[in-house]
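The data block below is coords_16.cif; it holds mmCIF, C-alpha atoms.
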```cif
data_coords
#
loop_
_atom_site.group_PDB
_atom_site.id
_atom_site.type_symbol
_atom_site.label_atom_id
_atom_site.label_comp_id
_atom_site.auth_asym_id
_atom_site.auth_seq_id
_atom_site.Cartn_x
_atom_site.Cartn_y
_atom_site.Cartn_z
ATOM 1 C CA MET A 233 39.466 -6.242 -18.283
ATOM 2 C CA ARG A 234 37.386 -3.288 -19.492
ATOM 3 C CA LYS A 235 38.932 -3.479 -22.967
ATOM 4 C CA LEU A 236 38.093 -7.156 -23.153
ATOM 5 C CA LEU A 237 34.494 -6.506 -22.088
ATOM 6 C CA ALA A 238 34.136 -3.635 -24.566
ATOM 7 C CA THR A 239 35.573 -5.767 -27.372
ATOM 8 C CA ALA A 240 33.276 -8.693 -26.534
ATOM 9 C CA THR A 241 30.228 -6.417 -26.406
ATOM 10 C CA THR A 242 31.088 -4.822 -29.744
ATOM 11 C CA ALA A 243 31.648 -8.228 -31.326
ATOM 12 C CA ALA A 244 28.282 -9.467 -30.015
ATOM 13 C CA ILE A 245 26.474 -6.452 -31.464
ATOM 14 C CA PHE A 246 28.056 -6.875 -34.876
ATOM 15 C CA ALA A 247 27.451 -10.617 -34.846
ATOM 16 C CA THR A 248 23.755 -10.016 -34.182
ATOM 17 C CA LEU A 249 23.546 -7.502 -37.018
ATOM 18 C CA ALA A 250 25.368 -9.861 -39.342
ATOM 19 C CA PHE A 251 22.574 -12.419 -38.956
ATOM 20 C CA ALA A 252 19.787 -9.910 -39.591
ATOM 21 C CA ASP A 253 17.599 -10.537 -42.625
ATOM 22 C CA ILE A 254 15.222 -8.335 -44.592
ATOM 23 C CA TRP A 255 11.580 -9.215 -45.189
ATOM 24 C CA THR A 256 9.177 -7.270 -47.389
ATOM 25 C CA GLY A 257 5.450 -7.898 -47.340
ATOM 26 C CA LYS A 258 2.049 -6.702 -46.180
ATOM 27 C CA LEU A 259 1.365 -5.687 -42.578
ATOM 28 C CA LEU A 260 -1.713 -7.267 -41.028
ATOM 29 C CA ASP A 261 -3.642 -6.922 -37.772
ATOM 30 C CA THR A 262 -3.010 -10.066 -35.677
ATOM 31 C CA SER A 263 -6.110 -9.620 -33.512
ATOM 32 C CA CYS A 264 -8.143 -9.833 -36.729
ATOM 33 C CA LEU A 265 -6.180 -12.890 -37.845
ATOM 34 C CA ASP A 266 -6.813 -14.554 -34.461
ATOM 35 C CA GLN A 267 -10.531 -14.308 -35.207
ATOM 36 C CA LYS A 268 -9.905 -16.500 -38.283
ATOM 37 C CA LYS A 269 -10.805 -13.783 -40.749
ATOM 38 C CA GLU A 270 -9.419 -13.682 -44.278
ATOM 39 C CA LEU A 271 -6.091 -11.970 -44.868
ATOM 40 C CA ALA A 272 -7.689 -9.329 -47.110
ATOM 41 C CA ALA A 273 -9.997 -8.270 -44.248
ATOM 42 C CA CYS A 274 -7.136 -7.904 -41.763
ATOM 43 C CA GLN A 275 -5.158 -4.979 -43.185
ATOM 44 C CA ALA A 276 -3.206 -3.007 -40.582
ATOM 45 C CA ASN A 277 -4.538 0.453 -39.792
ATOM 46 C CA GLY A 278 -4.043 3.304 -37.342
ATOM 47 C CA SER A 279 -5.762 1.438 -34.497
ATOM 48 C CA THR A 280 -3.739 -1.776 -34.896
ATOM 49 C CA THR A 281 -1.473 -2.586 -31.939
ATOM 50 C CA THR A 282 -0.229 -6.076 -32.814
ATOM 51 C CA PHE A 283 1.090 -6.877 -36.262
ATOM 52 C CA ALA A 284 2.007 -9.703 -38.571
ATOM 53 C CA LEU A 285 3.862 -9.616 -41.876
ATOM 54 C CA VAL A 286 2.843 -11.795 -44.818
ATOM 55 C CA VAL A 287 5.769 -12.715 -47.065
ATOM 56 C CA SER A 288 5.183 -15.054 -50.012
ATOM 57 C CA GLY A 289 2.138 -16.608 -48.356
ATOM 58 C CA LYS A 290 3.882 -17.171 -44.995
ATOM 59 C CA THR A 291 2.726 -15.172 -41.942
ATOM 60 C CA TYR A 292 5.203 -13.966 -39.314
ATOM 61 C CA ARG A 293 4.140 -12.196 -36.119
ATOM 62 C CA LEU A 294 6.188 -9.260 -34.855
ATOM 63 C CA ASP A 295 7.750 -9.258 -31.405
ATOM 64 C CA ASP A 296 6.676 -6.674 -28.793
ATOM 65 C CA MET A 297 9.365 -4.173 -29.801
ATOM 66 C CA GLY A 298 8.437 -4.703 -33.460
ATOM 67 C CA ASN A 299 4.791 -3.948 -32.675
ATOM 68 C CA GLN A 300 5.813 -0.664 -31.021
ATOM 69 C CA LYS A 301 8.016 0.246 -33.984
ATOM 70 C CA ALA A 302 5.200 -0.579 -36.426
ATOM 71 C CA VAL A 303 2.749 1.664 -34.544
ATOM 72 C CA MET A 304 5.242 4.544 -34.749
ATOM 73 C CA ALA A 305 5.976 3.854 -38.425
ATOM 74 C CA LEU A 306 2.259 3.923 -39.250
ATOM 75 C CA LYS A 307 1.859 7.243 -37.434
ATOM 76 C CA ASP A 308 4.775 8.691 -39.403
ATOM 77 C CA ARG A 309 3.635 7.248 -42.739
ATOM 78 C CA ALA A 310 4.110 9.968 -45.373
ATOM 79 C CA ASP A 311 0.780 9.572 -47.194
ATOM 80 C CA ARG A 312 -1.161 9.647 -43.909
ATOM 81 C CA SER A 313 0.616 12.690 -42.474
ATOM 82 C CA ALA A 314 -0.406 14.820 -45.479
ATOM 83 C CA ASP A 315 -4.083 13.800 -45.216
ATOM 84 C CA PRO A 316 -5.027 11.720 -42.130
ATOM 85 C CA ALA A 317 -8.526 11.193 -43.543
ATOM 86 C CA ALA A 318 -7.201 9.508 -46.700
ATOM 87 C CA ALA A 319 -8.615 6.086 -47.457
ATOM 88 C CA ALA A 320 -6.608 3.276 -45.947
ATOM 89 C CA GLY A 321 -5.256 0.553 -48.179
ATOM 90 C CA PRO A 322 -2.805 -2.306 -47.871
ATOM 91 C CA VAL A 323 0.268 -1.393 -45.864
ATOM 92 C CA ASN A 324 3.541 -2.688 -47.259
ATOM 93 C CA ALA A 325 6.532 -2.884 -44.958
ATOM 94 C CA LYS A 326 10.223 -3.681 -45.115
ATOM 95 C CA ILE A 327 11.505 -5.230 -41.896
ATOM 96 C CA THR A 328 15.100 -5.854 -40.861
ATOM 97 C CA GLY A 329 15.586 -8.340 -38.046
ATOM 98 C CA THR A 330 15.930 -11.980 -37.136
ATOM 99 C CA ARG A 331 13.431 -14.816 -37.309
ATOM 100 C CA ASP A 332 12.657 -16.955 -34.283
ATOM 101 C CA GLY A 333 10.219 -19.613 -35.453
ATOM 102 C CA ASN A 334 7.162 -17.709 -36.714
ATOM 103 C CA THR A 335 8.134 -14.492 -34.930
ATOM 104 C CA LEU A 336 10.234 -11.663 -36.317
ATOM 105 C CA LYS A 337 12.479 -9.863 -33.851
ATOM 106 C CA VAL A 338 12.456 -6.427 -35.445
ATOM 107 C CA ASP A 339 15.538 -4.215 -35.609
ATOM 108 C CA SER A 340 13.932 -1.676 -37.949
ATOM 109 C CA ILE A 341 10.757 -1.248 -39.946
ATOM 110 C CA GLU A 342 9.982 0.937 -42.922
ATOM 111 C CA VAL A 343 6.335 1.382 -43.884
ATOM 112 C CA GLN A 344 5.775 2.084 -47.555
#
```
Serialized structure, structure tokens:
Amino acid sequence: MRKLLATATTAAIFATLAFADIWTGKLLDTSCLDQKKELAACQANGSTTTFALVVSGKTYRLDDMGNQKAVMALKDRADRSADPAAAAGPVNAKITGTRDGNTLKVDSIEVQ
């Protein structure tokens, strides 16, 4: 019975990963977007806690785990760690995960 459970669990994990997609776009601050501001004014920054990703004109919000991963990725961003006072600009990101409507369930995020 344990072998069957272990096999089923492993199969479920690999099946989930098999359906994962990759999105690349600009990270935005969703609280800014909720205020109906323009996309250019809503760039993600170090104080952002909820994120969206714009890909080819379509906006996807990140799930709760994705928001946490994005916060950590921004803190670890290479150009910011060398000089935290450097001017902020657009934040590009590459996200691996699955789409659920207009929400991305994030497996991993790489901030560029």
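By chain and then residue number, the residues within 9 Å of Glu342 of chain A are Ala302, Ala305, Arg309, Asn324, Ala325, Lys326, Ile327, Thr328, Ser340 and Gln344 of chain A, counting all atoms listed in the file and disregarding those fewer than 2 positions away in sequence.
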Could you give me, as JSON, numbers by chain, the residues within 9 Å of segment 263-271 of chain A, counting all atoms listed in the file and dropping anything in the same chain fewer than 2 positions from it? {"A": [260, 261, 273, 274, 275, 280, 281, 282, 283, 284, 286]}
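Taking atom CA of Asp308 of chain A and atom CA of Ala276 of chain A as the two end points, the separation is 14.2 Å.
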Name the residues, using the chain letters and numbers of the file, that sit within 9 Å of (12.9, -9.7, -33.2) when counting only C-alpha atoms, and give them as a PyMOL selection string. chain A and resi 294-298+328-332+335-339
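For the pair atom CA of Ala238 of chain A and atom CA of Asp253 of chain A, the interatomic distance is 25.4 Å.
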